[in-house]
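Structure below is start_3.txt: compact mmCIF, C-alpha atoms.
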```txt
# COMPACT_ATOMS: atom_id res chain seq x y z
CA MET A 953 -100.77 -104.15 20.65
CA THR A 954 -97.77 -104.89 22.89
CA VAL A 955 -100.01 -106.05 25.73
CA LYS A 956 -102.02 -108.31 23.51
CA ARG A 957 -98.90 -109.99 22.15
CA SER A 958 -97.55 -110.55 25.63
CA GLU A 959 -100.84 -112.01 26.76
CA LEU A 960 -100.95 -114.33 23.72
CA LYS A 961 -97.43 -115.51 24.46
CA ARG A 962 -98.36 -116.20 28.10
CA GLN A 963 -101.42 -118.23 27.07
CA LEU A 964 -99.45 -120.33 24.59
CA LEU A 965 -96.80 -121.11 27.18
CA GLU A 966 -99.49 -122.10 29.67
CA GLN A 967 -101.09 -124.45 27.15
CA ALA A 968 -97.73 -126.01 26.38
CA ARG A 969 -97.16 -126.72 30.08
CA LYS A 970 -100.47 -128.56 30.34
CA ARG A 971 -99.69 -130.97 27.45
CA PRO A 972 -98.49 -134.46 28.43
CA THR A 973 -94.72 -134.78 28.38
CA PRO A 974 -93.64 -137.29 25.69
CA ARG A 975 -91.42 -140.19 26.72
CA ALA A 976 -87.74 -139.28 26.45
CA THR A 977 -86.08 -140.68 23.36
CA ASN A 978 -82.52 -141.26 22.34
CA PRO A 979 -81.55 -137.99 20.61
CA ALA A 980 -79.64 -140.02 18.00
CA THR A 981 -82.76 -142.07 17.19
CA PRO A 982 -85.98 -140.19 16.32
CA ALA A 983 -89.26 -141.33 17.78
CA ILE A 984 -91.59 -143.24 15.49
CA ASN A 985 -95.28 -142.48 16.20
CA GLY A 986 -94.26 -141.23 19.61
CA VAL A 987 -92.41 -144.46 20.48
CA ASP A 988 -88.67 -144.67 21.08
CA ALA A 989 -87.31 -146.30 17.93
CA THR A 990 -84.54 -148.06 19.86
CA ARG A 991 -87.19 -150.11 21.65
CA THR A 992 -88.66 -151.39 18.37
CA VAL A 993 -85.43 -152.59 16.67
CA PRO A 994 -85.01 -156.37 17.11
CA GLU A 995 -81.71 -157.32 18.64
CA ARG A 996 -80.80 -159.44 15.61
CA PHE A 997 -80.35 -156.23 13.61
CA THR A 998 -77.74 -154.84 15.99
CA ARG A 999 -75.46 -157.87 16.49
CA PHE A 1000 -72.88 -159.24 14.06
CA ASP A 1001 -73.25 -162.73 15.51
CA ALA A 1002 -76.92 -162.57 14.47
CA HIS A 1003 -76.08 -161.67 10.88
CA PRO A 1004 -77.35 -164.33 8.41
CA GLY A 1005 -73.82 -164.88 7.10
CA TYR A 1006 -72.41 -165.63 10.53
CA GLN A 1007 -75.43 -167.80 11.36
CA GLN A 1008 -74.81 -169.83 8.20
CA LEU A 1009 -71.14 -170.20 9.10
CA ALA A 1010 -72.00 -171.35 12.61
CA MET A 1011 -74.47 -173.88 11.22
CA MET A 1012 -71.89 -175.24 8.78
CA ARG A 1013 -69.31 -175.57 11.54
CA GLN A 1014 -71.77 -177.34 13.79
CA GLY A 1015 -72.70 -179.76 11.02
CA ALA A 1016 -69.05 -180.44 10.23
CA GLU A 1017 -68.32 -181.10 13.91
CA GLN A 1018 -71.20 -183.57 14.15
CA LEU A 1019 -69.84 -185.40 11.09
CA GLY A 1020 -66.33 -185.44 12.52
CA LEU A 1021 -64.97 -183.22 9.74
CA VAL A 1022 -62.04 -180.83 10.10
CA ASP A 1023 -62.19 -177.33 8.61
CA PRO A 1024 -60.09 -177.63 5.42
CA PHE A 1025 -59.68 -173.90 4.85
CA PHE A 1026 -57.10 -171.25 5.77
CA LYS A 1027 -54.15 -173.63 5.96
CA VAL A 1028 -51.00 -171.65 6.66
CA HIS A 1029 -48.16 -172.15 4.15
CA GLU A 1030 -44.88 -171.47 5.89
CA GLY A 1031 -42.80 -170.67 2.82
CA LEU A 1032 -42.99 -170.78 -0.96
CA ALA A 1033 -46.12 -172.54 -2.21
CA GLY A 1034 -45.45 -174.39 -5.43
CA ALA A 1035 -45.55 -178.07 -6.33
CA THR A 1036 -44.64 -178.65 -2.69
CA SER A 1037 -45.26 -176.52 0.37
CA ILE A 1038 -44.49 -176.60 4.09
CA ILE A 1039 -47.69 -176.69 6.15
CA GLN A 1040 -47.68 -177.31 9.92
CA GLY A 1041 -44.00 -178.13 9.66
CA ASN A 1042 -44.49 -180.87 7.06
CA THR A 1043 -43.49 -180.80 3.41
CA CYS A 1044 -46.62 -181.57 1.42
CA ILE A 1045 -47.29 -182.28 -2.23
CA ASN A 1046 -49.29 -179.19 -3.00
CA PHE A 1047 -52.23 -179.00 -5.42
CA ALA A 1048 -53.67 -175.75 -4.06
CA SER A 1049 -51.52 -173.14 -5.76
CA TYR A 1050 -51.99 -171.17 -8.98
CA ASN A 1051 -48.22 -170.89 -9.38
CA TYR A 1052 -48.64 -172.58 -12.76
CA LEU A 1053 -45.22 -171.88 -14.29
CA GLY A 1054 -43.31 -171.88 -11.00
CA TYR A 1055 -42.17 -168.27 -11.28
CA SER A 1056 -43.35 -167.20 -7.83
CA GLY A 1057 -40.15 -167.67 -5.85
CA ASP A 1058 -37.88 -167.80 -8.88
CA PRO A 1059 -34.72 -165.89 -7.82
CA ARG A 1060 -34.85 -163.66 -10.90
CA VAL A 1061 -38.45 -162.66 -10.17
CA VAL A 1062 -37.73 -162.09 -6.48
CA GLN A 1063 -34.76 -159.92 -7.38
CA ALA A 1064 -36.92 -157.82 -9.70
CA ALA A 1065 -39.28 -157.16 -6.78
CA CYS A 1066 -36.40 -156.26 -4.47
CA ASP A 1067 -34.84 -153.88 -7.00
CA ALA A 1068 -38.17 -152.14 -7.62
CA ALA A 1069 -38.85 -151.68 -3.90
CA ALA A 1070 -35.35 -150.31 -3.35
CA HIS A 1071 -35.76 -147.81 -6.19
CA TYR A 1072 -39.40 -146.72 -5.80
CA GLY A 1073 -40.18 -147.54 -2.17
CA THR A 1074 -42.85 -149.92 -0.96
CA SER A 1075 -45.88 -147.82 -1.95
CA VAL A 1076 -46.70 -145.27 -4.61
CA SER A 1077 -48.98 -143.77 -1.94
CA ALA A 1078 -51.68 -142.36 -4.23
CA SER A 1079 -53.95 -142.94 -7.17
CA ARG A 1080 -51.95 -143.05 -10.37
CA VAL A 1081 -54.13 -140.27 -11.80
CA VAL A 1082 -52.88 -137.74 -9.27
CA SER A 1083 -49.37 -138.61 -8.14
CA GLY A 1084 -48.98 -142.40 -8.06
CA GLU A 1085 -47.73 -142.96 -11.62
CA ARG A 1086 -44.30 -144.62 -11.99
CA PRO A 1087 -42.42 -145.71 -15.15
CA ILE A 1088 -42.83 -149.37 -14.24
CA HIS A 1089 -46.63 -149.10 -14.56
CA GLY A 1090 -46.39 -148.11 -18.21
CA GLU A 1091 -43.75 -150.75 -18.87
CA LEU A 1092 -45.97 -153.48 -17.43
CA GLU A 1093 -49.05 -152.35 -19.34
CA GLN A 1094 -47.14 -152.17 -22.62
CA ALA A 1095 -45.77 -155.69 -22.03
CA ILE A 1096 -49.31 -156.99 -21.41
CA ALA A 1097 -50.59 -155.28 -24.56
CA ASN A 1098 -47.72 -156.79 -26.54
CA ALA A 1099 -48.47 -160.26 -25.17
CA TYR A 1100 -52.03 -159.94 -26.45
CA GLY A 1101 -51.19 -158.18 -29.69
CA VAL A 1102 -53.53 -155.28 -28.93
CA GLU A 1103 -53.12 -151.52 -28.63
CA ASP A 1104 -53.07 -150.94 -24.90
CA ALA A 1105 -53.66 -152.32 -21.40
CA VAL A 1106 -54.41 -150.98 -17.94
CA ALA A 1107 -53.44 -152.62 -14.64
CA PHE A 1108 -55.64 -152.58 -11.52
CA VAL A 1109 -54.52 -153.39 -7.97
CA SER A 1110 -57.08 -156.20 -7.61
CA GLY A 1111 -58.24 -158.90 -10.01
CA HIS A 1112 -61.73 -158.96 -8.50
CA ALA A 1113 -61.97 -155.17 -8.66
CA THR A 1114 -60.89 -155.26 -12.31
CA ASN A 1115 -64.08 -157.02 -13.35
CA VAL A 1116 -66.28 -155.17 -10.88
CA SER A 1117 -65.05 -151.78 -11.99
CA THR A 1118 -64.89 -152.52 -15.72
CA LEU A 1119 -68.39 -153.96 -16.05
CA GLY A 1120 -69.77 -151.55 -13.48
CA TYR A 1121 -68.57 -148.53 -15.42
CA LEU A 1122 -68.93 -149.56 -19.08
CA LEU A 1123 -72.58 -150.65 -18.89
CA GLY A 1124 -75.83 -149.09 -17.70
CA PRO A 1125 -79.57 -149.68 -17.28
CA LYS A 1126 -80.20 -149.74 -21.04
CA ASP A 1127 -77.61 -152.48 -21.60
CA LEU A 1128 -77.48 -156.27 -21.30
CA VAL A 1129 -74.85 -158.63 -19.86
CA LEU A 1130 -74.98 -162.23 -21.06
CA HIS A 1131 -72.64 -164.53 -19.14
CA ASP A 1132 -71.78 -168.19 -18.79
CA GLU A 1133 -73.60 -169.67 -15.82
CA TYR A 1134 -70.23 -170.56 -14.25
CA ILE A 1135 -68.75 -167.07 -14.57
CA HIS A 1136 -66.67 -165.74 -11.70
CA ASN A 1137 -68.28 -163.78 -8.87
CA SER A 1138 -66.37 -160.63 -9.86
CA SER A 1139 -68.19 -160.42 -13.19
CA LEU A 1140 -71.56 -160.97 -11.50
CA VAL A 1141 -70.90 -158.19 -9.01
CA GLY A 1142 -69.76 -155.87 -11.80
CA ALA A 1143 -72.88 -156.59 -13.82
CA GLN A 1144 -75.10 -155.94 -10.80
CA LEU A 1145 -73.29 -152.70 -10.05
CA SER A 1146 -73.78 -151.46 -13.62
CA GLY A 1147 -77.57 -151.68 -13.40
CA ALA A 1148 -77.66 -153.55 -16.70
CA LYS A 1149 -80.03 -156.42 -17.28
CA ARG A 1150 -78.25 -159.71 -16.63
CA MET A 1151 -78.94 -163.16 -18.09
CA SER A 1152 -76.94 -166.39 -17.88
CA PHE A 1153 -76.66 -169.11 -20.50
CA SER A 1154 -75.82 -172.80 -20.05
CA HIS A 1155 -72.16 -173.52 -19.46
CA ASN A 1156 -70.09 -173.45 -22.64
CA ASP A 1157 -73.25 -173.53 -24.77
CA PRO A 1158 -73.01 -171.16 -27.77
CA ASP A 1159 -76.41 -172.31 -29.04
CA ALA A 1160 -78.07 -171.18 -25.81
CA LEU A 1161 -76.30 -167.82 -26.13
CA ASP A 1162 -77.40 -167.52 -29.75
CA ALA A 1163 -81.01 -168.04 -28.72
CA LEU A 1164 -80.79 -165.34 -26.05
CA LEU A 1165 -79.20 -162.88 -28.45
CA SER A 1166 -81.82 -163.58 -31.12
CA ARG A 1167 -84.59 -162.99 -28.60
CA HIS A 1168 -83.24 -159.98 -26.72
CA ARG A 1169 -80.48 -158.13 -28.61
CA HIS A 1170 -82.84 -155.60 -30.20
CA GLN A 1171 -84.20 -154.55 -26.79
CA PHE A 1172 -80.90 -153.09 -25.55
CA GLU A 1173 -78.24 -150.60 -26.55
CA ARG A 1174 -74.92 -152.24 -25.62
CA VAL A 1175 -74.68 -156.00 -25.11
CA LEU A 1176 -71.67 -157.64 -23.47
CA ILE A 1177 -70.95 -161.39 -23.54
CA VAL A 1178 -68.68 -162.57 -20.70
CA ILE A 1179 -66.91 -165.94 -20.71
CA GLU A 1180 -63.75 -167.37 -19.16
CA GLY A 1181 -60.68 -168.73 -20.89
CA LEU A 1182 -60.27 -171.67 -18.51
CA TYR A 1183 -62.95 -172.43 -15.94
CA SER A 1184 -61.31 -173.03 -12.59
CA MET A 1185 -64.04 -175.29 -11.23
CA ASP A 1186 -64.14 -177.71 -14.16
CA GLY A 1187 -60.91 -177.20 -16.07
CA ASP A 1188 -62.65 -176.81 -19.44
CA ILE A 1189 -62.52 -174.06 -22.07
CA PRO A 1190 -65.05 -172.35 -24.37
CA ASP A 1191 -65.24 -172.69 -28.15
CA LEU A 1192 -63.83 -169.22 -28.62
CA PRO A 1193 -64.19 -169.02 -32.45
CA ARG A 1194 -67.91 -169.79 -32.13
CA PHE A 1195 -68.41 -167.12 -29.48
CA ILE A 1196 -66.60 -164.63 -31.70
CA GLU A 1197 -68.90 -165.48 -34.59
CA LEU A 1198 -71.95 -164.92 -32.40
CA LYS A 1199 -70.77 -161.58 -31.05
CA GLN A 1200 -70.00 -160.36 -34.57
CA ARG A 1201 -73.32 -161.48 -36.01
CA HIS A 1202 -75.34 -159.97 -33.18
CA GLN A 1203 -73.20 -156.82 -32.88
CA ALA A 1204 -72.21 -157.34 -29.27
CA TRP A 1205 -69.00 -157.01 -27.27
CA LEU A 1206 -67.10 -160.10 -26.11
CA MET A 1207 -65.07 -160.19 -22.89
CA VAL A 1208 -62.79 -163.14 -22.03
CA ASP A 1209 -61.58 -163.56 -18.44
CA GLU A 1210 -58.14 -165.19 -18.70
CA ALA A 1211 -57.39 -165.40 -15.00
CA HIS A 1212 -56.51 -169.09 -15.38
CA SER A 1213 -55.83 -169.50 -19.11
CA PHE A 1214 -52.99 -166.99 -19.56
CA GLY A 1215 -49.71 -168.83 -19.06
CA VAL A 1216 -51.51 -172.15 -19.40
CA MET A 1217 -53.12 -172.29 -22.85
CA GLY A 1218 -51.26 -171.98 -26.13
CA ALA A 1219 -47.83 -173.25 -27.18
CA THR A 1220 -46.03 -170.42 -25.38
CA GLY A 1221 -48.69 -169.69 -22.74
CA LEU A 1222 -50.20 -166.63 -24.42
CA GLY A 1223 -53.67 -167.87 -23.63
CA LEU A 1224 -56.81 -168.67 -25.54
CA ARG A 1225 -56.04 -166.48 -28.54
CA GLU A 1226 -52.83 -168.48 -29.13
CA HIS A 1227 -54.57 -171.80 -28.47
CA PHE A 1228 -57.20 -171.09 -31.15
CA ALA A 1229 -54.89 -169.00 -33.38
CA ILE A 1230 -57.43 -166.17 -33.59
CA ASN A 1231 -56.97 -162.50 -34.34
CA PRO A 1232 -56.67 -160.95 -30.86
CA THR A 1233 -58.74 -157.93 -31.90
CA ASP A 1234 -61.72 -160.23 -32.49
CA VAL A 1235 -62.18 -160.18 -28.71
CA ASP A 1236 -63.19 -156.72 -27.48
CA ILE A 1237 -62.04 -157.02 -23.87
CA TRP A 1238 -59.26 -159.28 -22.63
CA MET A 1239 -59.10 -159.55 -18.85
CA GLY A 1240 -56.59 -161.36 -16.70
CA THR A 1241 -54.99 -161.49 -13.27
CA MET A 1242 -51.36 -161.16 -12.23
CA SER A 1243 -51.55 -163.28 -9.08
CA LYS A 1244 -51.28 -166.63 -10.86
CA THR A 1245 -48.87 -167.24 -13.73
CA LEU A 1246 -47.53 -163.68 -13.55
CA SER A 1247 -46.53 -164.04 -9.87
CA GLY A 1248 -47.68 -160.60 -8.74
CA CYS A 1249 -51.07 -159.29 -7.71
CA GLY A 1250 -53.85 -157.36 -9.40
CA GLY A 1251 -55.69 -157.54 -12.70
CA TYR A 1252 -55.59 -156.04 -16.16
CA ILE A 1253 -57.76 -155.13 -19.12
CA ALA A 1254 -56.25 -155.27 -22.61
CA GLY A 1255 -57.84 -154.07 -25.84
CA ASN A 1256 -58.04 -151.06 -28.08
CA LYS A 1257 -56.88 -147.64 -26.96
CA ALA A 1258 -60.37 -146.15 -26.64
CA LEU A 1259 -61.42 -148.89 -24.20
CA VAL A 1260 -58.28 -148.62 -22.11
CA GLU A 1261 -58.23 -144.83 -22.00
CA THR A 1262 -61.87 -144.77 -20.92
CA LEU A 1263 -61.14 -147.11 -18.02
CA ARG A 1264 -57.94 -145.31 -17.10
CA TYR A 1265 -59.76 -142.02 -16.62
CA PHE A 1266 -63.18 -143.13 -15.38
CA ALA A 1267 -63.26 -146.69 -13.92
CA PRO A 1268 -63.74 -146.16 -10.16
CA GLY A 1269 -61.57 -149.13 -9.17
CA PHE A 1270 -58.65 -147.51 -10.98
CA LEU A 1271 -59.38 -143.82 -10.63
CA TYR A 1272 -60.00 -143.84 -6.88
CA SER A 1273 -57.59 -146.60 -5.85
CA VAL A 1274 -53.92 -146.38 -4.99
CA GLY A 1275 -51.56 -147.38 -7.78
CA MET A 1276 -49.94 -150.80 -7.83
CA PRO A 1277 -46.76 -150.88 -5.70
CA ALA A 1278 -43.62 -151.14 -7.80
CA GLN A 1279 -42.49 -154.37 -6.14
CA VAL A 1280 -45.82 -155.94 -7.17
CA ALA A 1281 -45.65 -154.72 -10.76
CA ALA A 1282 -42.00 -155.72 -11.25
CA PRO A 1283 -42.44 -159.53 -10.83
CA SER A 1284 -45.20 -159.65 -13.43
CA LEU A 1285 -43.12 -157.59 -15.85
CA LYS A 1286 -40.19 -159.96 -15.31
CA VAL A 1287 -42.34 -163.07 -15.82
CA LEU A 1288 -43.64 -161.73 -19.14
CA GLU A 1289 -40.01 -161.42 -20.22
CA LEU A 1290 -39.04 -164.89 -18.97
CA MET A 1291 -42.03 -166.59 -20.60
CA GLN A 1292 -40.67 -165.60 -24.02
CA GLN A 1293 -37.30 -167.12 -23.15
CA GLU A 1294 -38.56 -170.31 -21.47
CA PRO A 1295 -41.52 -171.81 -23.38
CA GLU A 1296 -40.48 -175.21 -22.06
CA ARG A 1297 -42.22 -174.38 -18.77
CA VAL A 1298 -45.55 -174.18 -20.56
CA THR A 1299 -44.80 -177.48 -22.30
CA GLN A 1300 -43.96 -179.11 -18.95
CA LEU A 1301 -47.16 -177.80 -17.39
CA GLN A 1302 -49.30 -179.10 -20.24
CA THR A 1303 -47.52 -182.47 -20.22
CA ILE A 1304 -47.89 -183.06 -16.47
CA SER A 1305 -51.51 -181.85 -16.54
CA HIS A 1306 -52.40 -184.32 -19.27
CA TYR A 1307 -50.59 -187.04 -17.34
CA PHE A 1308 -52.68 -186.31 -14.24
CA LEU A 1309 -55.91 -186.42 -16.27
CA GLN A 1310 -55.00 -189.69 -18.00
CA GLN A 1311 -53.89 -191.40 -14.80
CA ALA A 1312 -56.95 -190.25 -12.88
CA GLN A 1313 -59.28 -191.54 -15.57
CA ALA A 1314 -57.33 -194.82 -15.80
CA ARG A 1315 -58.04 -195.32 -12.10
CA GLY A 1316 -61.77 -194.79 -12.66
CA LEU A 1317 -61.96 -191.31 -11.13
CA ASP A 1318 -64.54 -188.83 -12.39
CA THR A 1319 -62.72 -185.82 -13.82
CA GLY A 1320 -65.79 -184.17 -15.32
CA HIS A 1321 -65.19 -182.08 -18.42
CA SER A 1322 -61.57 -181.16 -17.69
CA ILE A 1323 -59.29 -181.01 -20.73
CA GLY A 1324 -56.21 -181.54 -18.56
CA SER A 1325 -54.72 -178.06 -18.60
CA ALA A 1326 -53.61 -177.04 -15.10
CA VAL A 1327 -57.03 -177.64 -13.51
CA VAL A 1328 -58.44 -181.14 -12.94
CA PRO A 1329 -61.35 -181.86 -10.57
CA VAL A 1330 -62.09 -185.26 -9.08
CA ILE A 1331 -65.83 -185.32 -8.51
CA VAL A 1332 -66.94 -187.41 -5.53
CA GLY A 1333 -70.60 -186.35 -5.31
CA SER A 1334 -70.84 -185.51 -1.60
CA SER A 1335 -69.65 -182.51 0.38
CA PRO A 1336 -68.90 -184.50 3.57
CA LEU A 1337 -66.98 -187.06 1.52
CA ALA A 1338 -64.98 -184.36 -0.27
CA ALA A 1339 -64.10 -182.71 3.06
CA HIS A 1340 -63.18 -186.08 4.59
CA LEU A 1341 -60.94 -187.00 1.64
CA SER A 1342 -59.21 -183.63 1.74
CA HIS A 1343 -58.34 -184.08 5.41
CA ALA A 1344 -57.29 -187.70 4.97
CA LEU A 1345 -54.98 -186.73 2.11
CA PHE A 1346 -53.55 -183.90 4.21
CA GLU A 1347 -52.74 -186.37 6.98
CA GLN A 1348 -50.58 -188.11 4.36
CA HIS A 1349 -48.94 -184.80 3.41
CA ILE A 1350 -50.94 -184.16 0.26
CA ASN A 1351 -52.67 -180.79 0.13
CA VAL A 1352 -55.77 -180.43 -2.06
CA GLN A 1353 -58.83 -178.32 -1.35
CA PRO A 1354 -62.42 -179.61 -1.43
CA ILE A 1355 -65.12 -177.66 -3.25
CA LEU A 1356 -68.38 -178.05 -1.36
CA TYR A 1357 -72.03 -177.12 -1.65
CA PRO A 1358 -73.19 -174.37 -2.25
CA ALA A 1359 -70.11 -173.44 -4.31
CA VAL A 1360 -71.13 -176.36 -6.54
CA PRO A 1361 -74.25 -178.55 -6.52
CA GLU A 1362 -74.07 -181.25 -3.85
CA LYS A 1363 -73.82 -184.02 -6.46
CA SER A 1364 -70.82 -182.18 -7.95
CA ALA A 1365 -68.80 -181.81 -4.73
CA ARG A 1366 -65.17 -182.42 -5.58
CA LEU A 1367 -61.49 -182.21 -4.91
CA ARG A 1368 -59.88 -179.60 -7.15
CA PHE A 1369 -56.30 -180.18 -8.27
CA PHE A 1370 -54.16 -177.33 -9.61
CA LEU A 1371 -51.04 -178.45 -11.44
CA SER A 1372 -47.67 -176.73 -11.74
CA CYS A 1373 -44.88 -177.28 -14.25
CA GLU A 1374 -42.82 -178.38 -11.22
CA HIS A 1375 -45.05 -181.34 -10.35
CA THR A 1376 -43.55 -184.72 -11.22
CA GLN A 1377 -45.05 -188.02 -12.30
CA ALA A 1378 -44.06 -189.38 -8.89
CA HIS A 1379 -46.15 -186.65 -7.22
CA ILE A 1380 -49.12 -187.60 -9.38
CA ASP A 1381 -48.82 -191.37 -8.97
CA LYS A 1382 -48.50 -191.19 -5.18
CA THR A 1383 -51.43 -188.79 -4.86
CA LEU A 1384 -53.80 -190.78 -7.05
CA ASP A 1385 -52.88 -194.10 -5.46
CA VAL A 1386 -53.57 -192.71 -1.98
CA LEU A 1387 -56.84 -191.14 -3.16
CA VAL A 1388 -58.08 -194.39 -4.71
CA THR A 1389 -57.36 -196.27 -1.48
CA LEU A 1390 -59.13 -193.65 0.63
CA LEU A 1391 -62.17 -193.70 -1.66
CA ALA A 1392 -62.37 -197.48 -1.50
CA ASN A 1393 -62.22 -197.41 2.32
CA ALA A 1394 -64.86 -194.67 2.50
CA GLN A 1395 -67.29 -196.65 0.35
CA ARG A 1396 -67.10 -199.85 2.41
```
Starting from the file, lay out its structure as structure tokens.
Amino acid sequence: MTVKRSELKRQLLEQARKRPTPRATNPATPAINGVDATRTVPERFTRFDAHPGYQQLAMMRQGAEQLGLVDPFFKVHEGLAGATSIIQGNTCINFASYNYLGYSGDPRVVQAACDAAAHYGTSVSASRVVSGERPIHGELEQAIANAYGVEDAVAFVSGHATNVSTLGYLLGPKDLVLHDEYIHNSSLVGAQLSGAKRMSFSHNDPDALDALLSRHRHQFERVLIVIEGLYSMDGDIPDLPRFIELKQRHQAWLMVDEAHSFGVMGATGLGLREHFAINPTDVDIWMGTMSKTLSGCGGYIAGNKALVETLRYFAPGFLYSVGMPAQVAAPSLKVLELMQQEPERVTQLQTISHYFLQQAQARGLDTGHSIGSAVVPVIVGSSPLAAHLSHALFEQHINVQPILYPAVPEKSARLRFFLSCEHTQAHIDKTLDVLVTLLANAQR
């Protein structure tokens, strides 16, 4: 038996030696049908400069260069960016800041940040769930809940991640997300992450939403309607009472993204619920950001305790992310306090915004559907023209960003003006007079 096994082993080894030796392959890359896989991968899949995104960027830059346009993005502000800002050494009238109530840079707000950093350090160093919790987190969340008149709130370190994580966790494949066609990217990404079915309805069109709900509500378990409080591209607002009526009748949830409306809408800046004088609990999910009016960074969800507790323990963007640094939380907490003491800032913002809208329209400029609350576009109908006007204004020390295709349809290319309570009528008059002259010269 031993001899036979030895002989069998010898024969097998001999046969193996006679087989053709396969071509050597990269040990990290398996052969596919006997061919080295590294030889079959096109080079475009291994180079970042061949990535479609970079190719698109290169094409846009080439086109801009051929048209004699200057890249209007990533301007460096050399100090505080408010109604004015220093850019390239020049003091510019600035319409590219969300510092709506002028609290970013306010000495009291800056001091709150300094005190918090001195007391807690510059990082909480961990997720709040494990060891990153600090008293200031709870104080901020309670202040947000109080501002909305709801039970609780939870603060995330990123506004974008707030929507991504909230929608991504709360919904699943058996659910439906219905959103305004102009909803922010963060809500779209969150809806995609959730695996829920997603449908858009025409901008600010409750009737279109009603039709979708009538047709599809019965096919899904949970249904979430997502709208914004103030749309940052157009400066218009939804008919919130009508959306509430629809969500109640169709037994859906309603989420309102107040990134731009909190601090702007309502007599004291408490947002869309104050503007429409609605019961705050009629909206299921209030969302907002702290990087604009509240002069910090991050986002929040406010609502009933069950919602907030669920997100606090399970939303990935909160659970697995470091807690908000104390010096970031402290400014927003301070601003919420100051807003109650200084409602005149909201009044000033609303007054100067309406003045901008009225003066722009009086000069024959197309302001779209803006209601004149902090955000006013001037639609020029051409991306090259919008980029040219932005640069020409900048050369006269007026900073306003163009919004170009594909961010908006080509015919809707625009300049987008963000107002602050610190802007003056002189700022507005000078800017609009220069813009009208530039437009007239461009159309000759």
For stretch 1090-1103 of chain A, please output as a PyMOL selection string all residues within 7 Å (counting all atoms listed in the file; exclusion window: fewer than 3 positions along the same chain). chain A and resi 1087+1106-1107+1222+1232-1233+1254-1257+1281+1285
My list of candidates is A:Leu1263, A:Ala1338, A:Ile1045, A:Leu1206. Which is closest to A:Val1022 when distances are computed with all atoms listed in the file?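 Using all atoms listed in the file, A:Val1022 sits closest to A:Ala1338.
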Write out as a PyMOL selection string which residues come within 9 Å of stretch 1125-1137 of chain A when counting all atoms listed in the file, dropping same-chain ones fewer than 5 positions away. chain A and resi 1112+1119+1142-1143+1146-1157+1161+1164-1165+1168-1169+1171-1180+1183+1185+1209
How many Å separate atom CA of A:Gly1005 from atom CA of A:Pro1358?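 Computing it gives 13.3 Å between the two atoms.
The spacing separating atom CA of A:Arg991 from atom CA of A:His1003 amounts to 19.3 Å.
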Considering only C-alpha atoms, can you say which of A:Ala1010, A:Leu1122, A:Leu1140, A:Ala1359 comes closest to A:Trp1205?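 When distances to A:Trp1205 are compared using only C-alpha atoms, the smallest one comes from A:Leu1122.
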For A:Asp1058, work out the shell of residues within 12 Å, counting all atoms listed in the file and skipping chain neighbours fewer than 2 positions away, then give it as an mmCIF file with C-alpha atoms, in the frame of the given file.
```
data_model
loop_
_atom_site.group_PDB
_atom_site.id
_atom_site.type_symbol
_atom_site.label_atom_id
_atom_site.label_comp_id
_atom_site.auth_asym_id
_atom_site.auth_seq_id
_atom_site.Cartn_x
_atom_site.Cartn_y
_atom_site.Cartn_z
ATOM 1 C CA LEU A 1032 -42.990 -170.780 -0.960
ATOM 2 C CA ALA A 1033 -46.120 -172.540 -2.210
ATOM 3 C CA GLY A 1034 -45.450 -174.390 -5.430
ATOM 4 C CA ASN A 1051 -48.220 -170.890 -9.380
ATOM 5 C CA LEU A 1053 -45.220 -171.880 -14.290
ATOM 6 C CA GLY A 1054 -43.310 -171.880 -11.000
ATOM 7 C CA TYR A 1055 -42.170 -168.270 -11.280
ATOM 8 C CA SER A 1056 -43.350 -167.200 -7.830
ATOM 9 C CA ARG A 1060 -34.850 -163.660 -10.900
ATOM 10 C CA VAL A 1061 -38.450 -162.660 -10.170
ATOM 11 C CA VAL A 1062 -37.730 -162.090 -6.480
ATOM 12 C CA GLN A 1063 -34.760 -159.920 -7.380
ATOM 13 C CA ALA A 1064 -36.920 -157.820 -9.700
ATOM 14 C CA ALA A 1065 -39.280 -157.160 -6.780
ATOM 15 C CA LEU A 1246 -47.530 -163.680 -13.550
ATOM 16 C CA SER A 1247 -46.530 -164.040 -9.870
ATOM 17 C CA PRO A 1283 -42.440 -159.530 -10.830
ATOM 18 C CA SER A 1284 -45.200 -159.650 -13.430
ATOM 19 C CA LYS A 1286 -40.190 -159.960 -15.310
ATOM 20 C CA VAL A 1287 -42.340 -163.070 -15.820
ATOM 21 C CA LEU A 1290 -39.040 -164.890 -18.970
ATOM 22 C CA GLU A 1374 -42.820 -178.380 -11.220
#
```
Could you check which of A:Ala1378, A:Leu1198, A:Leu1145, A:Ile1039 is closest to A:Ala1160, using all atoms listed in the file?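 For A:Ala1160, the nearest of the candidates is A:Leu1198.
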Skipping near chain neighbours, those fewer than 3 positions away, what residues fall within 10 Å of A:Leu1309 using all atoms listed in the file, listed as JSON, numbers by chain? {"A": [1304, 1305, 1306, 1312, 1313, 1314, 1317, 1318, 1319, 1322, 1323, 1324, 1325, 1326, 1327, 1328, 1329, 1330, 1380]}
A straight line from atom CA of A:Ser1117 to atom CA of A:Ala1267 spans 5.7 Å
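All residues of protein, DNA or RNA that reach within 10 Å of A:Ala1219, judged by all atoms listed in the file and not counting those fewer than 5 positions away in the chain, are Glu1226, His1227, Pro1295, Glu1296, Val1298, Thr1299 and Gln1302 of chain A.
Among the candidate residues A:Ala1163, A:Ala1078, A:Leu1224, A:Leu1019, the one lying nearest to A:Pro1190 is A:Leu1224, with distances computed using all atoms listed in the file.
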